[in-house]
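K.L.:
Could you have a look at this structure, given as structure tokens, before my questions?
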Amino acid sequence: MKVDVLLGLQWGDEGKGKIVDVLTPEYEIVARFQGGPNAGHTLEFEGKKYVLRSVPSGIFQGNKINIIGNGVVLDPALFKGEIESLESSGHELKKRLLISKKAHLILPTHRLLDACYEAAKGDSKIGTTGKGIGPTYTDKVSRNGLRVGDILHNFDEKYNKAKSKHLRTLQQYGHDTSSLAEIEKEWFDGVAKLKEFTFIDSEHYINNAVKEGKKILAEGAQGTMLDIDFGSYPFVTSSNTISAGACTGLGIAPQSVGEVFGIFKAYCTRVGSGPFPTELFDETGDKLREYGFEFGSVTGRPRRCGWIDLVALRYAIMIDGVTQLIMMKSDVLDTFETIRACVGYEINGQKTTEFPFETEDNITPVYVDMKGWQTDMTKMQKEDEFPTEFKQYVAFLESELGVPIRIVSLGPDRAQTIIR
Ligand code: GDP
Ligand code: IMO
Ligand code: MG
């Protein structure tokens, strides 16, 4: 049996949480492979809405095993808050949420360092989520990190050593650390909560499950254009969000990867700084934000909005080896008279269809205009109800992207999903 991978193809918030939940009945295990509480994965069903940050999105459908993989970075304080809110709504996770011993811990001082490094960047801020993601992955790579498994042995000593090192850096920058004692208290309460869960060698668990023929879905966070290697660097996150990240973030071999589900919005959004060639600064952009309710689920920041960018999407599909596409939020375009798709870029008078290295340059998108369907699609149940213009839009995207669109999402609710 192979591990299917589901990931975002744009700059995050494509709707990964919703679709993982929709697909969970087909799987026995759902495993998050990277990122941390910078993610906010929203699920809606039976009139309720949940936002998951570190917990995989496979917890609501049946008694499936959910795993937080080694590639994830975990903040015990935020984890505790997330678990308690799920417990208070009747979702008991202790028996079915397993945590890799190798997942790295976000320390209170990592959060302070995140704010400190952002402040030091002056005008070129990344606009991080402020959750300590960059500093935690930095410590992982520089071999200074603490892992979940460390909680079980001489933890205070290891913690204090890492904290002292961070404090020296914060002092060098003159960063205010007065909030530390308070954050630390919550954090250690979080560590106590974390210890109620089972820590596992998730690479063995997952590979054994593969051998036993169990179906596994690997859930990504963020999106391909935020990948540390291939995203719009330096305006990216600090992990590999691409399909290869599922191999390193779970310990599975490339040949164990089966389907790669690539999720995209029928338009495009981005939170934080960085290049966004098709961004709209006019009332069309405002309309996308209003109709799509484009406000960050973690920080509440308004998301930047623009037309679909097929140059960036083709790039993401290539890097990820996407085998099936999933189109989200097409209902947001239901009232638009004209819909635009960027099919190429013009950079310094040169046309290109490849995503460039230098994204600081002035990129002028080359658009194809299509007639909108101007029909409310949110209650449609079957593909044959789709309006002609919508079918044309889907066919156009499939031909431009070279991969079939297998799922179309027509609203935030689990039920508003059409599998073709
Ligand atoms: P994720 O981070 O990729 O899981 O996505 P987010 O949850 O951050 O953002 C997606 C937002 O769009 C959430 O508020 C979802 O409830 C909502 N959503 C998901 N699919 C659809 C859809 O097809 N139509 C509409 N209108 N909203 C959707
Ligand atoms: P989900 O999983 C959208 C963005 C931040 C910032 C950059 C770096 O919900 O799709 P970080 O805190 O990771 O160091 O911030 O990445 N970012 C996201 N944008 N969705 C996300 O996650 C994101 N996680 C990080 O806004 O620009
Ligand atoms: Mg999100």
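Starting from 1 in every chain, residues are counted up; chains themselves are A, B, ... following the order of the structure tokens, and ligands are numbered from 1 as listed.
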Using only C-alpha atoms, which residues sit within 10 Å of stretch 12-16 of chain A once same-chain residues fewer than 4 positions away are excluded, as a ChimeraX atom specification?
P.N.:
/A:6-8,20-22,39-43,57,219-226,241,261-271,294-297,303,326-329,409,412
K.L.:
For the structure I just gave you, how does DSSP split stretch 65-189 of chain A - specifically, which residues are helix (DSSP H, G or I)? Reply as a PyMOL selection string.
P.N.:
chain A and resi 76-88+108-120+122-124+133-141+148-152+155-173+180-189
K.L.:
Run DSSP on the backbone and grab whatever in stretch 92-258 of chain A lands in strand (DSSP E); send it over as a CSV table (one decimal) with N, CA, C and O atoms, in the first residue's frame.
P.N.:
chain,number,residue,atom,x,y,z
A,97,LEU,N,-4.5,9.9,18.8
A,97,LEU,CA,-3.5,10.9,18.3
A,97,LEU,C,-2.1,10.5,18.8
A,97,LEU,O,-1.9,10.5,20.1
A,98,LEU,N,-1.2,10.2,17.9
A,98,LEU,CA,0.1,9.7,18.3
A,98,LEU,C,1.1,10.7,17.8
A,98,LEU,O,0.9,11.4,16.8
A,99,ILE,N,2.2,10.9,18.6
A,99,ILE,CA,3.1,12.0,18.4
A,99,ILE,C,4.5,11.5,18.2
A,99,ILE,O,5.0,10.7,19.0
A,100,SER,N,5.2,11.9,17.1
A,100,SER,CA,6.5,11.4,16.9
A,100,SER,C,7.5,11.9,17.9
A,100,SER,O,7.5,13.1,18.2
A,104,HIS,N,10.1,18.4,16.6
A,104,HIS,CA,10.8,19.4,17.4
A,104,HIS,C,9.9,20.2,18.2
A,104,HIS,O,8.7,20.5,17.7
A,105,LEU,N,10.4,20.7,19.3
A,105,LEU,CA,9.5,21.5,20.2
A,105,LEU,C,9.8,23.0,20.0
A,105,LEU,O,11.0,23.4,19.9
A,198,THR,N,0.7,9.5,23.6
A,198,THR,CA,1.7,8.5,23.4
A,198,THR,C,2.7,9.0,22.4
A,198,THR,O,2.3,9.5,21.3
A,199,PHE,N,4.0,8.9,22.8
A,199,PHE,CA,5.0,9.3,21.9
A,199,PHE,C,5.5,8.1,21.1
A,199,PHE,O,5.7,7.0,21.8
A,200,ILE,N,5.7,8.1,19.8
A,200,ILE,CA,6.0,6.9,19.1
A,200,ILE,C,7.2,7.2,18.2
A,200,ILE,O,7.6,8.4,17.9
A,216,ILE,N,-2.9,5.3,4.1
A,216,ILE,CA,-2.4,6.5,4.9
A,216,ILE,C,-2.5,7.7,4.0
A,216,ILE,O,-2.1,7.7,2.9
A,217,LEU,N,-3.0,8.8,4.7
A,217,LEU,CA,-3.0,10.1,4.0
A,217,LEU,C,-2.0,11.0,4.7
A,217,LEU,O,-2.1,11.2,5.9
A,218,ALA,N,-1.1,11.6,4.0
A,218,ALA,CA,-0.1,12.5,4.6
A,218,ALA,C,-0.6,13.9,4.3
A,218,ALA,O,-0.9,14.3,3.2
A,219,GLU,N,-0.8,14.7,5.4
A,219,GLU,CA,-1.4,16.0,5.3
A,219,GLU,C,-0.3,17.1,5.4
A,219,GLU,O,0.4,17.2,6.3
A,257,VAL,N,5.3,6.7,-1.9
A,257,VAL,CA,4.3,7.7,-2.2
A,257,VAL,C,3.4,7.3,-3.3
A,257,VAL,O,3.8,6.8,-4.4
A,258,GLY,N,2.0,7.4,-3.1
A,258,GLY,CA,1.1,7.0,-4.2
A,258,GLY,C,0.6,8.3,-4.8
A,258,GLY,O,1.3,9.0,-5.5
K.L.:
Might you pull out every residue within 10 Å of A:Gly145, with only C-alpha atoms counted and same-chain residues fewer than 2 positions away left off, and present them as a VMD selection string?
P.N.:
chain A and resid 103 to 107 135 to 143 147 150 158 to 159 162
K.L.:
Closest to A:Ile308 among A:Pro365, A:Gly272, A:Pro37, A:Pro234, using only C-alpha atoms?
P.N.:
A:Pro365
K.L.:
Ranking A:Gly71, A:Pro25, A:Pro275, A:Gly47 by minimum distance to ligand 1 and counting only C-alpha atoms and all ligand atoms, which one comes first?
P.N.:
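The answer is A:Gly47, which sits nearest to ligand 1.
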K.L.:
Just to confirm, what's the straight-line distance from atom CA of A:Gly251 to atom CA of A:Leu325 in Å (one decimal)?
P.N.:
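According to the coordinates, atom CA of A:Gly251 and atom CA of A:Leu325 are separated by 24.6 Å.
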K.L.:
Out of A:Gln324, A:Val191, A:Ile183, A:Phe293, which residue has the shortest atom-to-atom distance to A:Phe155 when counting only C-alpha atoms?
P.N.:
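Residue with the minimum atom-to-atom distance to A:Phe155: A:Val191.
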K.L.:
Report, in Å to a single decimal, how far apart atom CA of A:Ala77 and atom CA of A:Lys48 are.
P.N.:
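Result for atom CA of A:Lys48 versus atom CA of A:Ala77: 24.1 Å, one decimal.
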K.L.:
Which residues come within 12 Å of A:Trp187, counting only C-alpha atoms, excluding same-chain residues fewer than 4 positions away, as a list of chain:residue names?
P.N.:
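Counting only C-alpha atoms, the residues come to A:Leu74, A:Asp75, A:Pro76, A:Ala77, A:Leu78, A:Phe79, A:Lys80, A:Gly81, A:Leu105, A:Ile106, A:Leu107, A:Pro108, A:Thr109, A:His110, A:Arg111, A:Tyr159, A:Leu180, A:Ala181, A:Glu182, A:Ile183, A:Val191, A:Ala192, A:Lys193, A:Leu194.
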K.L.:
Looking at A:Cys305, A:Ile29, A:Val210, A:Ala244, which one is nearest to A:Ile68, with distances taken over only C-alpha atoms?
P.N.:
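The shortest atom-to-atom distance to A:Ile68 comes from A:Ile29.
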K.L.:
Can you work out which one of A:Pro387, A:Pro302, A:Gly274, A:Pro254 has the shortest atom-to-atom distance to ligand 2, counting only C-alpha atoms and all ligand atoms?
P.N.:
A:Gly274
K.L.:
Nearest to A:Lys215: which of A:Asp229, A:Glu398, A:Glu259, A:Asp413 is it, counting only C-alpha atoms?
P.N.:
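Nearest candidate to A:Lys215 out of A:Asp229, A:Glu398, A:Glu259, A:Asp413: A:Glu259.
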K.L.:
Pick out the residues sitting within 9 Å of A:Thr378, and hand them over as a list in words; count only C-alpha atoms, and ignore anything fewer than 4 positions along from it in its own chain.
P.N.:
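Near A:Thr378, the qualifying residues are Asp331, Asp334, Ser409, Leu410, Gly411 and Gln416 of chain A.
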K.L.:
Can you tell me, as a ChimeraX atom specification, what residues are no more than 10 Å from A:Tyr117 when counting only C-alpha atoms, ignoring any on the same chain fewer than 6 positions away?
P.N.:
/A:125-126,134-135,170,173,175
